[in-house]
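A quick write-up on the structure given underneath.
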Amino acid sequence: MLTQGEQLYTNYVEVTKPVQTEQGLSKAAQAAQNGELLSVFAGDLELSLKAVIFAPIPYVLIEQKNIKTQQTTLVKYINEQSVAGYTLSILSNTQVALNNAPQHITLVMYQRG
């Protein structure tokens with residue numbers, strides 16, 4: 001049996017259920033990505049630029065992290081190749097453009113100070 005004080009307190013106790021947080025971004029938030037970014041979310045993937053190599057055929061290495069399984073893969077792409085629905089363009093040794101009209105994203109290796 002509860003005391004009178006405990007009975008008053010139980011009126012204010014609220015049972016909370018753990019909320020499962022969504023990893024990554026919603027489709028709407030993904031579609032709103034624009035500008036200069038360190039990583040880009042595309043579907044279940046988080047894309048990060050790791051290297052730009054100026055060889056006879058320039059290419060980039062992009063880390064693709066599956067946000068559901070947490071598995072990461074390093075993938076090689078050449079200029080104008082499709083990356084998760086975006087067209088990749090090499091801009092410099094630290095930047096690439098990812099375009100999927102109307103989105104125009106500059107994926108950078110590090111933030112400028």
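Letters for chains follow the order of the structure tokens (A, B, ...), residue numbers begin at 1 for each chain, and ligand numbers begin at 1 in the order shown.
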Using only C-alpha atoms, which residues sit within 6 Å of range 65-79 of chain A once same-chain residues fewer than 2 positions away are excluded, as a PDB file with all heavy atoms, in the first residue's frame?
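Resulting contents of out-v5.pdb:
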ATOM      1  N   ASP A  44      21.281   4.827 -47.669  1.00  0.00           N
ATOM      2  CA  ASP A  44      21.844   4.265 -46.445  1.00  0.00           C
ATOM      3  C   ASP A  44      23.343   4.511 -46.335  1.00  0.00           C
ATOM      4  O   ASP A  44      24.000   3.946 -45.463  1.00  0.00           O
ATOM      5  CB  ASP A  44      21.596   2.750 -46.388  1.00  0.00           C
ATOM      6  CG  ASP A  44      20.131   2.418 -46.170  1.00  0.00           C
ATOM      7  OD1 ASP A  44      19.389   3.292 -45.681  1.00  0.00           O
ATOM      8  OD2 ASP A  44      19.728   1.288 -46.496  1.00  0.00           O
ATOM      9  N   LEU A  45      23.901   5.325 -47.220  1.00  0.00           N
ATOM     10  CA  LEU A  45      25.348   5.552 -47.241  1.00  0.00           C
ATOM     11  C   LEU A  45      25.717   6.949 -46.760  1.00  0.00           C
ATOM     12  O   LEU A  45      25.021   7.917 -47.059  1.00  0.00           O
ATOM     13  CB  LEU A  45      25.908   5.366 -48.654  1.00  0.00           C
ATOM     14  CG  LEU A  45      25.768   3.976 -49.266  1.00  0.00           C
ATOM     15  CD1 LEU A  45      26.264   3.997 -50.705  1.00  0.00           C
ATOM     16  CD2 LEU A  45      26.522   2.938 -48.450  1.00  0.00           C
ATOM     17  N   GLU A  46      26.831   7.024 -46.044  1.00  0.00           N
ATOM     18  CA  GLU A  46      27.460   8.294 -45.732  1.00  0.00           C
ATOM     19  C   GLU A  46      28.754   8.332 -46.539  1.00  0.00           C
ATOM     20  O   GLU A  46      29.594   7.433 -46.424  1.00  0.00           O
ATOM     21  CB  GLU A  46      27.760   8.424 -44.244  1.00  0.00           C
ATOM     22  CG  GLU A  46      28.424   9.745 -43.895  1.00  0.00           C
ATOM     23  CD  GLU A  46      28.741   9.890 -42.416  1.00  0.00           C
ATOM     24  OE1 GLU A  46      28.605   8.909 -41.666  1.00  0.00           O
ATOM     25  OE2 GLU A  46      29.134  10.994 -42.025  1.00  0.00           O
ATOM     26  N   TYR A  59      41.542  10.273 -60.334  1.00  0.00           N
ATOM     27  CA  TYR A  59      40.491   9.551 -59.629  1.00  0.00           C
ATOM     28  C   TYR A  59      40.449   9.990 -58.173  1.00  0.00           C
ATOM     29  O   TYR A  59      41.357  10.658 -57.688  1.00  0.00           O
ATOM     30  CB  TYR A  59      40.677   8.033 -59.743  1.00  0.00           C
ATOM     31  CG  TYR A  59      41.922   7.488 -59.080  1.00  0.00           C
ATOM     32  CD1 TYR A  59      41.886   7.019 -57.764  1.00  0.00           C
ATOM     33  CD2 TYR A  59      43.128   7.404 -59.767  1.00  0.00           C
ATOM     34  CE1 TYR A  59      43.024   6.500 -57.157  1.00  0.00           C
ATOM     35  CE2 TYR A  59      44.261   6.888 -59.165  1.00  0.00           C
ATOM     36  CZ  TYR A  59      44.206   6.440 -57.864  1.00  0.00           C
ATOM     37  OH  TYR A  59      45.328   5.939 -57.265  1.00  0.00           O
ATOM     38  N   VAL A  60      39.366   9.613 -57.514  1.00  0.00           N
ATOM     39  CA  VAL A  60      39.198   9.923 -56.093  1.00  0.00           C
ATOM     40  C   VAL A  60      38.889   8.648 -55.333  1.00  0.00           C
ATOM     41  O   VAL A  60      38.417   7.666 -55.912  1.00  0.00           O
ATOM     42  CB  VAL A  60      38.072  10.962 -55.855  1.00  0.00           C
ATOM     43  CG1 VAL A  60      38.370  12.258 -56.569  1.00  0.00           C
ATOM     44  CG2 VAL A  60      36.720  10.421 -56.268  1.00  0.00           C
ATOM     45  N   LEU A  61      39.169   8.681 -54.045  1.00  0.00           N
ATOM     46  CA  LEU A  61      38.779   7.590 -53.156  1.00  0.00           C
ATOM     47  C   LEU A  61      37.736   8.148 -52.193  1.00  0.00           C
ATOM     48  O   LEU A  61      37.988   9.134 -51.495  1.00  0.00           O
ATOM     49  CB  LEU A  61      39.985   7.058 -52.384  1.00  0.00           C
ATOM     50  CG  LEU A  61      41.080   6.420 -53.240  1.00  0.00           C
ATOM     51  CD1 LEU A  61      42.269   6.021 -52.373  1.00  0.00           C
ATOM     52  CD2 LEU A  61      40.546   5.216 -53.998  1.00  0.00           C
ATOM     53  N   ILE A  62      36.577   7.531 -52.202  1.00  0.00           N
ATOM     54  CA  ILE A  62      35.488   7.956 -51.335  1.00  0.00           C
ATOM     55  C   ILE A  62      35.133   6.812 -50.392  1.00  0.00           C
ATOM     56  O   ILE A  62      34.927   5.681 -50.827  1.00  0.00           O
ATOM     57  CB  ILE A  62      34.254   8.387 -52.156  1.00  0.00           C
ATOM     58  CG1 ILE A  62      34.599   9.662 -52.928  1.00  0.00           C
ATOM     59  CG2 ILE A  62      33.034   8.590 -51.261  1.00  0.00           C
ATOM     60  CD1 ILE A  62      33.472  10.240 -53.738  1.00  0.00           C
ATOM     61  N   GLU A  63      35.098   7.146 -49.110  1.00  0.00           N
ATOM     62  CA  GLU A  63      34.676   6.166 -48.116  1.00  0.00           C
ATOM     63  C   GLU A  63      33.159   6.138 -48.089  1.00  0.00           C
ATOM     64  O   GLU A  63      32.518   7.173 -47.955  1.00  0.00           O
ATOM     65  CB  GLU A  63      35.214   6.549 -46.737  1.00  0.00           C
ATOM     66  CG  GLU A  63      34.808   5.566 -45.649  1.00  0.00           C
ATOM     67  CD  GLU A  63      35.283   6.001 -44.294  1.00  0.00           C
ATOM     68  OE1 GLU A  63      34.598   6.856 -43.684  1.00  0.00           O
ATOM     69  OE2 GLU A  63      36.341   5.516 -43.855  1.00  0.00           O
ATOM     70  N   GLN A  81      31.932  10.250 -63.105  1.00  0.00           N
ATOM     71  CA  GLN A  81      31.299   8.966 -62.802  1.00  0.00           C
ATOM     72  C   GLN A  81      30.127   9.197 -61.845  1.00  0.00           C
ATOM     73  O   GLN A  81      30.102  10.173 -61.092  1.00  0.00           O
ATOM     74  CB  GLN A  81      32.321   8.014 -62.181  1.00  0.00           C
ATOM     75  CG  GLN A  81      31.845   6.583 -62.092  1.00  0.00           C
ATOM     76  CD  GLN A  81      32.957   5.627 -61.685  1.00  0.00           C
ATOM     77  OE1 GLN A  81      34.098   6.017 -61.503  1.00  0.00           O
ATOM     78  NE2 GLN A  81      32.602   4.369 -61.529  1.00  0.00           N
ATOM     79  N   LEU A  88      29.935  13.018 -60.200  1.00  0.00           N
ATOM     80  CA  LEU A  88      31.144  13.497 -59.533  1.00  0.00           C
ATOM     81  C   LEU A  88      32.012  14.300 -60.494  1.00  0.00           C
ATOM     82  O   LEU A  88      32.231  13.878 -61.629  1.00  0.00           O
ATOM     83  CB  LEU A  88      31.940  12.303 -59.011  1.00  0.00           C
ATOM     84  CG  LEU A  88      33.244  12.632 -58.305  1.00  0.00           C
ATOM     85  CD1 LEU A  88      33.350  11.857 -57.021  1.00  0.00           C
ATOM     86  CD2 LEU A  88      34.433  12.333 -59.188  1.00  0.00           C
ATOM     87  N   SER A  89      32.505  15.442 -60.040  1.00  0.00           N
ATOM     88  CA  SER A  89      33.461  16.255 -60.802  1.00  0.00           C
ATOM     89  C   SER A  89      34.614  16.611 -59.870  1.00  0.00           C
ATOM     90  O   SER A  89      34.384  17.146 -58.782  1.00  0.00           O
ATOM     91  CB  SER A  89      32.814  17.545 -61.308  1.00  0.00           C
ATOM     92  OG  SER A  89      31.716  17.259 -62.130  1.00  0.00           O
ATOM     93  N   ILE A  90      35.837  16.318 -60.301  1.00  0.00           N
ATOM     94  CA  ILE A  90      37.013  16.650 -59.490  1.00  0.00           C
ATOM     95  C   ILE A  90      37.280  18.147 -59.624  1.00  0.00           C
ATOM     96  O   ILE A  90      37.431  18.663 -60.724  1.00  0.00           O
ATOM     97  CB  ILE A  90      38.230  15.826 -59.926  1.00  0.00           C
ATOM     98  CG1 ILE A  90      37.960  14.332 -59.720  1.00  0.00           C
ATOM     99  CG2 ILE A  90      39.473  16.267 -59.159  1.00  0.00           C
ATOM    100  CD1 ILE A  90      39.020  13.405 -60.273  1.00  0.00           C
TER     101      ILE A  90
END
Run DSSP on the backbone and give me the residues of range 20-93 of chain A it puts in helix (DSSP H, G or I), as an MDAnalysis selection string.
chainID A and resid 27:31
*asked:* Can you pull out every residue from range 43-103 of chain A that DSSP, working from the backbone, puts in strand (DSSP E or B), and format the result as a PyMOL selection string?
replied: chain A and resi 45-53+59-66+72-78+82-83+86-90+95-100+103
Calculated over only C-alpha atoms, which of the candidates A:Tyr86, A:Leu91, A:Ser48, A:Phe41 has the smallest distance to His104 in chain A?
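Of all the options, A:Tyr86 lies closest to His104 in chain A.
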Need to verify the contact set: Leu47 in chain A, 6 Å, only C-alpha atoms, exclusion of same-chain residues closer than 4 positions in sequence. Can you return it as a PDB file with N, CA, C and O atoms, in the first residue's frame?
ATOM      1  N   SER A  39      30.754  15.412 -45.279  1.00  0.00           N
ATOM      2  CA  SER A  39      30.173  14.125 -45.656  1.00  0.00           C
ATOM      3  C   SER A  39      28.777  14.366 -46.209  1.00  0.00           C
ATOM      4  O   SER A  39      28.132  15.367 -45.899  1.00  0.00           O
ATOM      5  N   VAL A  40      28.338  13.419 -47.026  1.00  0.00           N
ATOM      6  CA  VAL A  40      27.041  13.511 -47.687  1.00  0.00           C
ATOM      7  C   VAL A  40      26.295  12.209 -47.425  1.00  0.00           C
ATOM      8  O   VAL A  40      26.883  11.127 -47.506  1.00  0.00           O
ATOM      9  N   GLU A  63      35.098   7.146 -49.110  1.00  0.00           N
ATOM     10  CA  GLU A  63      34.676   6.166 -48.116  1.00  0.00           C
ATOM     11  C   GLU A  63      33.159   6.138 -48.089  1.00  0.00           C
ATOM     12  O   GLU A  63      32.518   7.173 -47.955  1.00  0.00           O
ATOM     13  N   GLN A  64      32.612   4.944 -48.238  1.00  0.00           N
ATOM     14  CA  GLN A  64      31.167   4.747 -48.179  1.00  0.00           C
ATOM     15  C   GLN A  64      30.859   3.943 -46.929  1.00  0.00           C
ATOM     16  O   GLN A  64      31.230   2.781 -46.829  1.00  0.00           O
TER      17      GLN A  64
END
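Nearest to Gly43 in chain A of all the residues A:Ala55, A:Val108, A:Val96, A:Ala29 is A:Ala29, counting only C-alpha atoms.
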**Prompt:** Could you work out how far CA of Lys27 in chain A lies from CA of Arg112 in chain A, giving the answer in Å with one decimal?
**Reply:**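 Rounded to one decimal, the two atoms are 27.8 Å apart.
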Query - Nearest to Phe54 in chain A by atom-to-atom distance, counting only C-alpha atoms, from A:Leu25, A:Ser92, A:Ala42, A:Ala97 - result: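 So, comparing all the options, the nearest one is A:Ser92.
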To one decimal in Å, tell me the separation between CA of Asn93 in chain A and CA of Ala51 in chain A.
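Those two atoms sit 7.6 Å apart.
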(Q) Applying 9 Å and only C-alpha atoms, which residues near range 32-37 of chain A remain after dropping the ones on its own chain fewer than 6 positions away? List them as number ranges by chain. (A) A: 103-111
